[in-house]
$ cat run.tsv   # TSV, C-alpha atoms and all ligand atoms
chain	number	residue	atom	x	y	z
I	1208	MET	CA	-2.49	6.05	-52.11
I	1209	GLY	CA	-0.65	4.63	-49.16
I	1210	GLY	CA	-0.99	5.67	-45.53
I	1211	ASP	CA	-0.94	9.44	-45.88
I	1212	GLU	CA	-3.82	10.75	-43.80
I	1213	SER	CA	-3.28	14.43	-44.46
I	1214	GLY	CA	-6.33	14.91	-46.69
I	1215	SER	CA	-9.90	14.72	-45.46
I	1216	ASN	CA	-11.81	14.93	-48.73
I	1217	PRO	CA	-14.43	12.13	-48.77
I	1218	ASP	CA	-14.09	11.84	-52.57
I	1219	HIS	CA	-11.04	10.37	-54.18
I	1220	ILE	CA	-9.10	12.89	-56.26
I	1221	PRO	CA	-7.25	10.92	-58.95
I	1222	VAL	CA	-3.50	11.30	-58.65
I	1223	LEU	CA	-1.15	12.16	-61.57
I	1224	LEU	CA	-4.15	12.07	-63.91
I	1225	ASP	CA	-2.68	13.95	-66.90
I	1226	GLU	CA	0.55	11.95	-66.72
I	1227	VAL	CA	-1.39	8.68	-66.61
I	1228	LEU	CA	-3.53	9.57	-69.64
I	1229	LYS	CA	-0.58	10.89	-71.64
I	1230	ASN	CA	1.54	7.80	-71.07
I	1231	LEU	CA	-1.11	5.08	-71.04
I	1232	VAL	CA	-3.51	5.84	-73.89
I	1233	GLN	CA	-2.13	5.14	-77.36
I	1234	ALA	CA	-5.20	3.74	-79.16
I	1235	LYS	CA	-8.44	5.59	-78.51
I	1236	ALA	CA	-10.59	2.65	-79.56
I	1237	GLY	CA	-8.69	0.12	-77.43
I	1238	THR	CA	-9.50	-1.88	-74.30
I	1239	TYR	CA	-8.02	-0.53	-71.07
I	1240	VAL	CA	-8.05	-2.00	-67.57
I	1241	ASP	CA	-8.33	0.12	-64.43
I	1242	ALA	CA	-7.32	-2.55	-61.93
I	1243	THR	CA	-8.04	-0.31	-58.91
I	1244	PHE	CA	-11.38	1.48	-59.42
I	1245	GLY	CA	-11.62	3.18	-55.98
I	1246	ARG	CA	-14.15	5.88	-56.75
I	1247	GLY	CA	-13.38	5.86	-60.46
I	1248	GLY	CA	-11.45	9.09	-60.91
I	1249	HIS	CA	-9.07	7.46	-63.37
I	1250	SER	CA	-11.79	5.33	-65.01
I	1251	ARG	CA	-13.96	8.38	-65.66
I	1252	ALA	CA	-11.03	10.25	-67.20
I	1253	LEU	CA	-10.17	7.22	-69.36
I	1254	LEU	CA	-13.76	7.02	-70.60
I	1255	ARG	CA	-13.62	10.72	-71.47
I	1256	ALA	CA	-10.33	10.32	-73.33
I	1257	LEU	CA	-11.37	7.22	-75.31
I	1258	ASP	CA	-13.75	7.01	-78.24
I	1259	THR	CA	-17.14	5.35	-78.53
I	1260	HIS	CA	-15.73	1.94	-79.57
I	1261	ALA	CA	-13.37	1.70	-76.61
I	1262	ARG	CA	-13.83	-0.46	-73.52
I	1263	VAL	CA	-12.70	0.10	-69.94
I	1264	VAL	CA	-12.68	-2.96	-67.72
I	1265	THR	CA	-12.40	-2.13	-64.07
I	1266	ILE	CA	-11.54	-4.27	-61.06
I	1267	ASP	CA	-11.67	-3.68	-57.30
I	1268	ARG	CA	-11.69	-6.03	-54.35
I	1269	ASP	CA	-13.78	-3.64	-52.22
I	1270	PRO	CA	-17.56	-4.21	-52.54
I	1271	THR	CA	-18.29	-0.47	-51.99
I	1272	ALA	CA	-15.94	0.46	-54.85
I	1273	VAL	CA	-17.58	-2.17	-57.05
I	1274	ALA	CA	-21.03	-0.74	-56.25
I	1275	ALA	CA	-19.79	2.72	-57.27
I	1276	ALA	CA	-18.35	1.25	-60.48
I	1277	GLN	CA	-21.66	-0.45	-61.28
I	1278	THR	CA	-23.46	2.89	-60.92
I	1279	LEU	CA	-21.04	4.38	-63.46
I	1280	ALA	CA	-21.41	1.36	-65.76
I	1281	ALA	CA	-25.16	1.90	-65.81
I	1282	GLN	CA	-24.47	5.35	-67.32
I	1283	ASP	CA	-21.69	4.32	-69.71
I	1284	THR	CA	-21.95	0.94	-71.42
I	1285	ARG	CA	-18.25	1.03	-72.38
I	1286	LEU	CA	-17.41	0.17	-68.74
I	1287	SER	CA	-17.31	-3.45	-67.49
I	1288	VAL	CA	-16.99	-4.09	-63.75
I	1289	LEU	CA	-15.32	-7.06	-62.07
I	1290	GLN	CA	-15.00	-7.71	-58.35
I	1291	GLY	CA	-11.85	-9.44	-57.22
I	1292	ARG	CA	-8.17	-9.18	-56.46
I	1293	PHE	CA	-5.91	-7.90	-59.19
I	1294	SER	CA	-3.58	-10.86	-58.55
I	1295	GLN	CA	-6.38	-12.88	-60.21
I	1296	MET	CA	-6.44	-10.58	-63.24
I	1297	THR	CA	-5.62	-13.37	-65.70
I	1298	ASP	CA	-8.79	-15.28	-64.79
I	1299	LEU	CA	-10.90	-12.15	-64.25
I	1300	LEU	CA	-10.05	-10.67	-67.65
I	1301	GLU	CA	-10.26	-13.83	-69.74
I	1302	ALA	CA	-12.87	-12.50	-72.19
I	1303	HIS	CA	-11.17	-9.12	-72.57
I	1304	THR	CA	-7.50	-9.88	-73.27
I	1305	PRO	CA	-5.23	-8.80	-74.85
I	1306	VAL	CA	-5.61	-5.17	-73.79
I	1307	GLN	CA	-3.95	-1.90	-74.82
I	1308	GLY	CA	-3.26	-0.69	-71.30
I	1309	VAL	CA	-3.50	-1.46	-67.58
I	1310	LEU	CA	-3.47	1.07	-64.75
I	1311	MET	CA	-2.78	0.10	-61.13
I	1312	ASP	CA	-3.21	2.93	-58.60
I	1313	LEU	CA	-2.09	1.13	-55.47
I	1314	GLY	CA	-3.04	1.27	-51.81
I	1315	VAL	CA	-6.24	2.47	-50.16
I	1316	SER	CA	-8.72	5.02	-51.48
I	1317	SER	CA	-9.78	8.20	-49.72
I	1318	PRO	CA	-13.26	6.77	-48.95
I	1319	GLN	CA	-11.61	3.72	-47.35
I	1320	LEU	CA	-9.28	5.89	-45.27
I	1321	ASP	CA	-11.88	8.50	-44.39
I	1322	THR	CA	-14.70	6.13	-43.36
I	1323	PRO	CA	-14.05	5.40	-39.66
I	1324	GLU	CA	-16.08	2.14	-39.82
I	1325	ARG	CA	-13.47	0.68	-42.17
I	1326	GLY	CA	-10.82	0.92	-39.45
I	1327	PHE	CA	-7.92	2.17	-41.61
I	1328	SER	CA	-7.39	5.47	-39.81
I	1329	PHE	CA	-5.53	6.17	-36.58
I	1330	ARG	CA	-7.22	9.57	-36.40
I	1331	ALA	CA	-10.87	8.49	-36.09
I	1332	ALA	CA	-12.48	5.98	-33.74
I	1333	GLY	CA	-13.70	2.86	-35.51
I	1334	PRO	CA	-13.56	-0.93	-35.41
I	1335	LEU	CA	-10.01	-2.16	-36.05
I	1336	ASP	CA	-10.81	-3.85	-39.37
I	1337	MET	CA	-8.59	-2.60	-42.26
I	1338	ARG	CA	-9.81	-5.18	-44.80
I	1339	MET	CA	-10.28	-3.78	-48.30
I	1340	ASN	CA	-12.85	-6.53	-48.74
I	1341	PRO	CA	-14.56	-6.88	-45.34
I	1342	GLU	CA	-16.08	-10.18	-46.51
I	1343	GLU	CA	-12.69	-11.85	-46.90
I	1344	GLY	CA	-10.03	-12.96	-44.41
I	1345	GLU	CA	-9.14	-11.86	-40.91
I	1346	SER	CA	-9.61	-8.31	-39.57
I	1347	ALA	CA	-6.69	-6.38	-38.07
I	1348	ALA	CA	-8.16	-6.83	-34.57
I	1349	GLU	CA	-8.56	-10.59	-35.01
I	1350	TRP	CA	-4.96	-10.94	-36.12
I	1351	LEU	CA	-3.41	-8.57	-33.54
I	1352	ASN	CA	-5.34	-10.27	-30.75
I	1353	ARG	CA	-3.99	-13.74	-31.59
I	1354	ALA	CA	-0.56	-13.25	-33.22
I	1355	GLN	CA	2.72	-13.97	-31.46
I	1356	GLU	CA	4.76	-10.95	-30.39
I	1357	ALA	CA	7.64	-11.91	-32.73
I	1358	GLU	CA	5.26	-12.17	-35.70
I	1359	ILE	CA	3.83	-8.71	-34.99
I	1360	ALA	CA	7.35	-7.28	-34.70
I	1361	THR	CA	8.35	-8.83	-38.04
I	1362	VAL	CA	5.30	-7.36	-39.79
I	1363	LEU	CA	5.96	-3.89	-38.34
I	1364	LYS	CA	9.59	-4.01	-39.38
I	1365	GLU	CA	9.07	-5.52	-42.82
I	1366	PHE	CA	5.96	-3.65	-43.99
I	1367	GLY	CA	6.26	-0.45	-41.91
I	1368	GLU	CA	10.07	-0.17	-41.79
I	1369	GLU	CA	9.38	0.68	-38.13
I	1370	ARG	CA	12.54	1.21	-36.05
I	1371	PHE	CA	10.73	0.45	-32.79
I	1372	ALA	CA	8.98	-2.67	-34.06
I	1373	ARG	CA	9.93	-4.92	-31.13
I	1374	ARG	CA	9.03	-2.34	-28.52
I	1375	ILE	CA	5.65	-1.66	-30.15
I	1376	ALA	CA	4.90	-5.39	-30.57
I	1377	LYS	CA	5.58	-5.95	-26.87
I	1378	ALA	CA	3.26	-3.08	-25.91
I	1379	ILE	CA	0.52	-4.42	-28.23
I	1380	VAL	CA	0.68	-7.89	-26.71
I	1381	ALA	CA	0.59	-6.43	-23.17
I	1382	ALA	CA	-2.44	-4.21	-23.94
I	1383	ARG	CA	-4.62	-6.55	-26.02
I	1384	PRO	CA	-7.38	-7.43	-26.77
I	1385	PHE	CA	-8.02	-4.49	-29.11
I	1386	GLU	CA	-11.28	-3.64	-30.73
I	1387	ASP	CA	-10.85	-0.11	-32.00
I	1388	THR	CA	-8.41	2.03	-33.94
I	1389	LEU	CA	-7.75	4.74	-31.36
I	1390	ALA	CA	-6.88	2.22	-28.62
I	1391	LEU	CA	-4.18	0.77	-30.91
I	1392	ALA	CA	-2.95	4.24	-31.93
I	1393	ASP	CA	-2.62	5.25	-28.24
I	1394	VAL	CA	-0.69	2.12	-27.27
I	1395	VAL	CA	1.70	2.59	-30.21
I	1396	ALA	CA	2.18	6.30	-29.45
I	1397	ALA	CA	3.05	5.51	-25.83
I	1398	ALA	CA	5.56	2.84	-26.92
I	1399	VAL	CA	7.49	5.07	-29.37
I	1400	PRO	CA	10.28	6.97	-27.64
I	1401	GLY	CA	10.00	10.74	-27.91
I	1402	ARG	CA	6.66	10.31	-29.75
I	1403	GLY	CA	8.38	9.62	-33.09
I	1404	GLN	CA	9.20	11.89	-36.04
I	1405	PRO	CA	7.98	15.50	-35.93
I	1406	GLY	CA	4.89	16.09	-38.09
I	1407	LYS	CA	4.13	12.36	-38.35
I	1408	HIS	CA	1.74	10.50	-36.05
I	1409	PRO	CA	3.75	7.82	-34.20
I	1410	ALA	CA	1.26	5.13	-35.30
I	1411	THR	CA	1.64	5.89	-39.04
I	1412	ARG	CA	4.09	3.09	-39.75
I	1413	THR	CA	2.27	0.56	-37.57
I	1414	PHE	CA	-1.06	1.19	-39.31
I	1415	GLN	CA	0.59	0.99	-42.73
I	1416	ALA	CA	2.30	-2.29	-41.83
I	1417	VAL	CA	-0.81	-3.96	-40.39
I	1418	ARG	CA	-2.88	-2.87	-43.39
I	1419	ILE	CA	-0.32	-4.22	-45.86
I	1420	PHE	CA	-0.16	-7.52	-43.98
I	1421	ILE	CA	-3.93	-7.97	-43.54
I	1422	ASN	CA	-4.57	-7.29	-47.24
I	1423	GLU	CA	-1.51	-9.28	-48.43
I	1424	GLU	CA	-0.62	-6.21	-50.45
I	1425	MET	CA	2.95	-7.17	-51.37
I	1426	GLN	CA	1.95	-10.62	-52.73
I	1427	GLU	CA	-0.95	-8.96	-54.55
I	1428	LEU	CA	1.45	-6.46	-56.10
I	1429	ASP	CA	3.95	-9.08	-57.30
I	1430	GLN	CA	1.27	-11.30	-58.83
I	1431	GLY	CA	-0.81	-8.36	-60.09
I	1432	LEU	CA	2.14	-6.82	-61.97
I	1433	GLN	CA	2.94	-10.13	-63.66
I	1434	ALA	CA	-0.70	-10.71	-64.60
I	1435	ALA	CA	-1.10	-7.15	-65.88
I	1436	PHE	CA	1.98	-7.43	-68.09
I	1437	ALA	CA	0.79	-10.80	-69.43
I	1438	ALA	CA	-2.60	-9.26	-70.34
I	1439	LEU	CA	-1.04	-6.61	-72.60
I	1440	ALA	CA	-1.18	-6.76	-76.38
I	1441	PRO	CA	2.11	-5.98	-78.17
I	1442	ALA	CA	2.82	-2.24	-77.65
I	1443	GLY	CA	0.33	-2.23	-74.76
I	1444	ARG	CA	1.27	-0.20	-71.71
I	1445	LEU	CA	1.35	-0.80	-67.96
I	1446	ALA	CA	1.15	2.24	-65.65
I	1447	VAL	CA	1.59	1.85	-61.90
I	1448	ILE	CA	1.23	4.50	-59.19
I	1449	SER	CA	2.82	3.54	-55.87
I	1450	PHE	CA	2.70	5.35	-52.56
I	1451	HIS	CA	5.49	4.04	-50.37
I	1452	SER	CA	9.02	2.79	-50.79
I	1453	LEU	CA	8.19	-0.93	-50.49
I	1454	GLU	CA	5.68	-0.72	-53.33
I	1455	ASP	CA	7.87	1.47	-55.49
I	1456	ARG	CA	10.86	-0.85	-55.00
I	1457	ALA	CA	8.82	-3.86	-56.18
I	1458	VAL	CA	7.56	-1.96	-59.25
I	1459	LYS	CA	11.02	-0.59	-60.08
I	1460	GLN	CA	12.70	-4.00	-59.79
I	1461	LEU	CA	10.19	-5.78	-62.03
I	1462	PHE	CA	10.20	-2.97	-64.60
I	1463	ARG	CA	13.99	-3.00	-64.64
I	1464	ARG	CA	14.02	-6.77	-65.25
I	1465	LEU	CA	11.49	-6.44	-68.07
I	1466	THR	CA	13.25	-3.54	-69.79
I	1467	GLN	CA	16.82	-4.84	-69.66
I	1468	PRO	CA	18.10	-7.43	-72.15
I	1469	PRO	CA	19.10	-10.72	-70.55
I	1470	ALA	CA	22.81	-11.31	-69.95
I	1471	LEU	CA	23.98	-13.79	-72.62
I	1472	PRO	CA	27.33	-15.52	-73.21
I	1473	ARG	CA	29.56	-13.56	-75.60
I	1474	ARG	CA	30.30	-14.70	-79.17
I	1475	VAL	CA	27.41	-17.14	-79.21
I	1476	PRO	CA	24.97	-16.78	-82.11
I	1477	VAL	CA	21.61	-15.76	-80.66
I	1478	ARG	CA	18.22	-14.93	-82.04
I	1479	HIS	CA	17.11	-11.31	-81.94
I	1480	SER	CA	14.31	-12.33	-79.56
I	1481	GLU	CA	16.89	-13.70	-77.13
I	1482	MET	CA	18.87	-10.44	-77.10
I	1483	SER	CA	16.07	-8.04	-76.54
I	1484	SER	CA	14.03	-7.28	-73.44
I	1485	PRO	CA	10.28	-7.94	-73.36
I	1486	ALA	CA	9.44	-4.32	-72.51
I	1487	GLU	CA	10.62	-0.76	-72.98
I	1488	HIS	CA	10.72	2.09	-70.51
I	1489	ILE	CA	8.13	4.81	-71.22
I	1490	ALA	CA	8.07	7.08	-68.17
I	1491	GLY	CA	9.06	7.33	-64.57
I	1492	PRO	CA	9.67	7.93	-61.87
I	1493	VAL	CA	7.08	10.69	-62.35
I	1494	ARG	CA	6.11	12.66	-59.24
I	1495	ALA	CA	3.31	15.17	-58.68
I	1496	THR	CA	4.03	18.86	-59.18
I	1497	ALA	CA	4.00	21.27	-56.25
I	1498	ALA	CA	0.64	22.57	-57.49
I	1499	GLU	CA	-0.91	19.08	-57.51
I	1500	CYS	CA	0.48	18.33	-54.05
I	1501	ALA	CA	-0.97	21.60	-52.74
I	1502	ALA	CA	-4.39	20.74	-54.20
I	1503	ASN	CA	-4.24	17.08	-53.14
I	1504	PRO	CA	-1.83	16.33	-50.27
I	1505	ARG	CA	-2.17	12.61	-50.95
I	1506	ALA	CA	-0.28	13.12	-54.23
I	1507	ARG	CA	2.88	13.96	-52.27
I	1508	SER	CA	4.02	10.37	-51.95
I	1509	ALA	CA	2.88	9.18	-55.38
I	1510	THR	CA	5.31	7.77	-57.97
I	1511	LEU	CA	4.21	6.76	-61.47
I	1512	ARG	CA	6.15	4.33	-63.64
I	1513	VAL	CA	5.11	3.21	-67.13
I	1514	ILE	CA	6.45	0.50	-69.45
I	1515	ALA	CA	5.30	-0.83	-72.83
I	1516	LYS	CA	5.33	-4.44	-73.99
I	1517	LYS	CA	7.49	-4.72	-77.08
I	1518	ALA	CA	5.96	-5.76	-80.37
I	1519	LEU	CA	6.47	-9.44	-81.23
I	1520	PRO	CA	10.16	-10.05	-82.00
I	1521	SER	CA	11.20	-11.15	-85.48
I	1522	GLN	CA	12.84	-14.55	-85.95
I	1523	GLU	CA	16.12	-13.21	-87.44
I	1524	VAL	CA	19.41	-14.78	-86.36
I	1525	HIS	CA	22.39	-12.50	-85.63
I	1526	ASN	CA	25.99	-13.64	-85.43
I	1601	LIG	C1	-5.83	4.37	-54.50
I	1601	LIG	S1	-7.37	3.62	-54.72
I	1601	LIG	C2	-7.73	3.88	-56.42
I	1601	LIG	C3	-8.35	5.21	-56.69
I	1601	LIG	C4	-8.83	5.40	-58.10
I	1601	LIG	N1	-7.75	5.43	-59.05
I	1601	LIG	C5	-9.67	6.67	-58.22
I	1601	LIG	O1	-9.27	7.58	-58.96
I	1601	LIG	O2	-10.72	6.74	-57.60
I	1601	LIG	C6	-6.99	1.93	-54.68
I	1601	LIG	C7	-8.15	0.99	-54.87
I	1601	LIG	O3	-7.61	-0.28	-55.21
I	1601	LIG	C8	-8.26	-1.29	-54.54
I	1601	LIG	N2	-7.29	-2.38	-54.38
I	1601	LIG	C9	-6.15	-2.35	-53.67
I	1601	LIG	N3	-5.53	-3.53	-53.76
I	1601	LIG	C10	-6.28	-4.30	-54.59
I	1601	LIG	C11	-6.13	-5.63	-55.09
I	1601	LIG	N4	-5.10	-6.40	-54.74
I	1601	LIG	N5	-7.06	-6.10	-55.93
I	1601	LIG	C12	-8.12	-5.32	-56.30
I	1601	LIG	N6	-8.32	-4.07	-55.83
I	1601	LIG	C13	-7.41	-3.57	-54.99
I	1601	LIG	C14	-8.70	-0.68	-53.23
I	1601	LIG	O4	-9.83	-1.37	-52.73
I	1601	LIG	C15	-9.00	0.76	-53.64
I	1601	LIG	O5	-10.36	0.91	-53.93

$ encode --input "run.tsv" --output "structure tokens" --more "lines below"
Ligand SMILES: C[S@@+](CC[C@H](N)C(=O)[O-])C[C@H]1O[C@@H](n2cnc3c(N)ncnc32)[C@H](O)[C@@H]1O
Amino acid sequence: MGGDESGSNPDHIPVLLDEVLKNLVQAKAGTYVDATFGRGGHSRALLRALDTHARVVTIDRDPTAVAAAQTLAAQDTRLSVLQGRFSQMTDLLEAHTPVQGVLMDLGVSSPQLDTPERGFSFRAAGPLDMRMNPEEGESAAEWLNRAQEAEIATVLKEFGEERFARRIAKAIVAARPFEDTLALADVVAAAVPGRGQPGKHPATRTFQAVRIFINEEMQELDQGLQAAFAALAPAGRLAVISFHSLEDRAVKQLFRRLTQPPALPRRVPVRHSEMSSPAEHIAGPVRATAAECAANPRARSATLRVIAKKALPSQEVHN
């Protein structure tokens, strides 16, 4: 759900729920993967929509999300819970594949954003952590306090598309060490000329960029999409909700590659399987309605895209 901090609901309201269910669920007795449990809004709805023989396998890298998932699994035995990164989905899912559908609802959850101790928010004082799994890797403070100025500038530019990346990186290096979120937000705000875009906190892009870098979100996305597609049974579906342009671009590019037939030399006899693409487009870009955005401001930046894996190609030869 990206870096939009306009909501303050401690629960996570699932985004584009009806659209996800409509486009993802084709077999009510199938196995579905919710690769981003969060607080389980989508998992709960999937369990409601599926029948008694179905299975929902859910993954999250955040131990607090996994604990919430285990509580739900204790009430509904159709749910299996796995802790880990979705880039590792192939290994995590081994006993459950192939599956009829995978959902990836990217970014951070409302409880992550709204819990100051997690350090994701520039609006509330907390330790500058930003790790989705606080037991893994370096915190935002540890990295910002040791990184070279040029490296910080590159991260801000690449993952935050921040125009003032170099200026902000210089100010960060001059003001460090940092321990808490508000100190970083203040230094960034002072470094942005004219205090940035109206209606947007000047530290929005910096916090998004640091979070993406610390959690290796773009590598996770690339590997997670590939692993999710590989896990699908023929006719299985992959639904992805992204929250900012970098994510959406990565999803769009992979989906385009999978749904377009490969370019082949003309007048060469080819098998049907060589002419056709491995997937077909099902839906997207789907955006939230005005009513959903009014009820859940975090839906404003959401984009859903859905593809289906094609059934196994026949072995015919066409001239
Ligand atoms: C937007 S929330 C999902 C909200 C959920 N759909 C709901 O309705 O409650 C994203 C969740 O994905 C998890 N996540 C993000 N990247 C991940 C990754 N690479 N591997 C596993 N979990 C990840 C986060 O920890 C977070 O809990």

$ atom_distance --input "run.tsv" --atom1 "CA of Lys1229 in chain I" --atom2 "CA of Ala1490 in chain I"
10.1 Å

$ atom_distance --input "run.tsv" --atom1 "CA of Asn1340 in chain I" --atom2 "atom C14 of ligand LIG 1601 (chain I)"
8.5 Å

$ residues_around --input "run.tsv" --residues "Ala1446 in chain I" --least-positions-apart "2" --cutoff "8 Å" --atoms "all atoms listed in the file" --output "list in words"
Val1227, Asn1230, Leu1231, Gly1308, Val1309, Leu1310, Met1311, Arg1444, Ile1448, Leu1511, Arg1512, Val1513 and Ile1514 of chain I

$ atom_distance --input "run.tsv" --atom1 "CA of Ala1442 in chain I" --atom2 "CA of Gly1245 in chain I"
26.6 Å

$ residues_around --input "run.tsv" --residues "range 1344-1349 of chain I" --least-positions-apart "3" --cutoff "8 Å" --atoms "only C-alpha atoms" --output "PyMOL selection string"
chain I and resi 1335-1338+1341+1352-1353+1384-1387+1417-1418+1421

$ decode --input "run.tsv" --residues "range 1424-1498 of chain I" --atoms "C-alpha atoms" --output "PDB file, in the first residue's frame"
ATOM      1  CA  GLU I1424      11.483  -4.366  -2.355  1.00  0.00           C
ATOM      2  CA  MET I1425      12.296  -4.120  -6.060  1.00  0.00           C
ATOM      3  CA  GLN I1426      14.381  -7.338  -6.087  1.00  0.00           C
ATOM      4  CA  GLU I1427      11.663  -9.013  -4.029  1.00  0.00           C
ATOM      5  CA  LEU I1428       9.061  -7.919  -6.559  1.00  0.00           C
ATOM      6  CA  ASP I1429      10.980  -9.181  -9.602  1.00  0.00           C
ATOM      7  CA  GLN I1430      11.727 -12.563  -8.041  1.00  0.00           C
ATOM      8  CA  GLY I1431       8.319 -12.818  -6.354  1.00  0.00           C
ATOM      9  CA  LEU I1432       6.429 -12.248  -9.623  1.00  0.00           C
ATOM     10  CA  GLN I1433       8.468 -14.916 -11.407  1.00  0.00           C
ATOM     11  CA  ALA I1434       8.006 -17.396  -8.560  1.00  0.00           C
ATOM     12  CA  ALA I1435       4.278 -16.676  -8.330  1.00  0.00           C
ATOM     13  CA  PHE I1436       3.771 -17.247 -12.051  1.00  0.00           C
ATOM     14  CA  ALA I1437       5.785 -20.481 -11.894  1.00  0.00           C
ATOM     15  CA  ALA I1438       3.573 -21.729  -9.025  1.00  0.00           C
ATOM     16  CA  LEU I1439       0.368 -21.434 -11.072  1.00  0.00           C
ATOM     17  CA  ALA I1440      -1.468 -24.412 -12.513  1.00  0.00           C
ATOM     18  CA  PRO I1441      -2.626 -24.026 -16.141  1.00  0.00           C
ATOM     19  CA  ALA I1442      -5.429 -21.406 -16.162  1.00  0.00           C
ATOM     20  CA  GLY I1443      -4.282 -20.233 -12.721  1.00  0.00           C
ATOM     21  CA  ARG I1444      -4.304 -16.499 -12.101  1.00  0.00           C
ATOM     22  CA  LEU I1445      -1.858 -13.955 -10.708  1.00  0.00           C
ATOM     23  CA  ALA I1446      -3.272 -10.709  -9.250  1.00  0.00           C
ATOM     24  CA  VAL I1447      -0.955  -7.912  -8.153  1.00  0.00           C
ATOM     25  CA  ILE I1448      -1.849  -4.643  -6.432  1.00  0.00           C
ATOM     26  CA  SER I1449       0.880  -1.993  -6.623  1.00  0.00           C
ATOM     27  CA  PHE I1450       1.037   1.391  -4.959  1.00  0.00           C
ATOM     28  CA  HIS I1451       3.636   3.482  -6.741  1.00  0.00           C
ATOM     29  CA  SER I1452       4.946   3.942 -10.239  1.00  0.00           C
ATOM     30  CA  LEU I1453       8.140   1.893  -9.775  1.00  0.00           C
ATOM     31  CA  GLU I1454       6.173  -1.145  -8.642  1.00  0.00           C
ATOM     32  CA  ASP I1455       3.492  -0.753 -11.270  1.00  0.00           C
ATOM     33  CA  ARG I1456       6.096  -0.386 -14.029  1.00  0.00           C
ATOM     34  CA  ALA I1457       7.775  -3.652 -12.990  1.00  0.00           C
ATOM     35  CA  VAL I1458       4.424  -5.495 -12.901  1.00  0.00           C
ATOM     36  CA  LYS I1459       3.286  -4.011 -16.218  1.00  0.00           C
ATOM     37  CA  GLN I1460       6.541  -4.892 -17.995  1.00  0.00           C
ATOM     38  CA  LEU I1461       6.570  -8.516 -16.836  1.00  0.00           C
ATOM     39  CA  PHE I1462       2.865  -8.981 -17.581  1.00  0.00           C
ATOM     40  CA  ARG I1463       3.367  -7.506 -21.046  1.00  0.00           C
ATOM     41  CA  ARG I1464       6.251  -9.912 -21.728  1.00  0.00           C
ATOM     42  CA  LEU I1465       4.185 -12.881 -20.555  1.00  0.00           C
ATOM     43  CA  THR I1466       1.077 -11.967 -22.536  1.00  0.00           C
ATOM     44  CA  GLN I1467       2.709 -11.104 -25.861  1.00  0.00           C
ATOM     45  CA  PRO I1468       3.786 -13.809 -28.321  1.00  0.00           C
ATOM     46  CA  PRO I1469       7.535 -13.913 -28.934  1.00  0.00           C
ATOM     47  CA  ALA I1470       8.827 -12.270 -32.113  1.00  0.00           C
ATOM     48  CA  LEU I1471       9.708 -15.103 -34.534  1.00  0.00           C
ATOM     49  CA  PRO I1472      11.303 -15.094 -37.990  1.00  0.00           C
ATOM     50  CA  ARG I1473       8.701 -14.978 -40.780  1.00  0.00           C
ATOM     51  CA  ARG I1474       7.933 -17.961 -43.038  1.00  0.00           C
ATOM     52  CA  VAL I1475       9.602 -20.431 -40.698  1.00  0.00           C
ATOM     53  CA  PRO I1476       7.477 -23.409 -39.635  1.00  0.00           C
ATOM     54  CA  VAL I1477       6.926 -23.137 -35.890  1.00  0.00           C
ATOM     55  CA  ARG I1478       5.065 -25.112 -33.296  1.00  0.00           C
ATOM     56  CA  HIS I1479       1.906 -23.603 -31.848  1.00  0.00           C
ATOM     57  CA  SER I1480       3.631 -23.465 -28.451  1.00  0.00           C
ATOM     58  CA  GLU I1481       6.382 -21.311 -29.944  1.00  0.00           C
ATOM     59  CA  MET I1482       3.897 -18.792 -31.368  1.00  0.00           C
ATOM     60  CA  SER I1483       1.783 -18.253 -28.339  1.00  0.00           C
ATOM     61  CA  SER I1484       2.470 -16.346 -25.146  1.00  0.00           C
ATOM     62  CA  PRO I1485       2.577 -18.139 -21.787  1.00  0.00           C
ATOM     63  CA  ALA I1486      -0.164 -15.952 -20.285  1.00  0.00           C
ATOM     64  CA  GLU I1487      -3.267 -13.982 -21.157  1.00  0.00           C
ATOM     65  CA  HIS I1488      -4.392 -10.601 -19.921  1.00  0.00           C
ATOM     66  CA  ILE I1489      -7.399 -10.757 -17.575  1.00  0.00           C
ATOM     67  CA  ALA I1490      -7.768  -7.309 -16.020  1.00  0.00           C
ATOM     68  CA  GLY I1491      -5.991  -4.063 -15.419  1.00  0.00           C
ATOM     69  CA  PRO I1492      -5.036  -1.476 -14.807  1.00  0.00           C
ATOM     70  CA  VAL I1493      -7.955  -1.441 -12.349  1.00  0.00           C
ATOM     71  CA  ARG I1494      -8.152   1.527  -9.986  1.00  0.00           C
ATOM     72  CA  ALA I1495     -10.354   2.127  -6.948  1.00  0.00           C
ATOM     73  CA  THR I1496     -13.644   3.956  -7.402  1.00  0.00           C
ATOM     74  CA  ALA I1497     -14.179   7.408  -5.916  1.00  0.00           C
ATOM     75  CA  ALA I1498     -16.362   5.798  -3.233  1.00  0.00           C
TER      76      ALA I1498
END
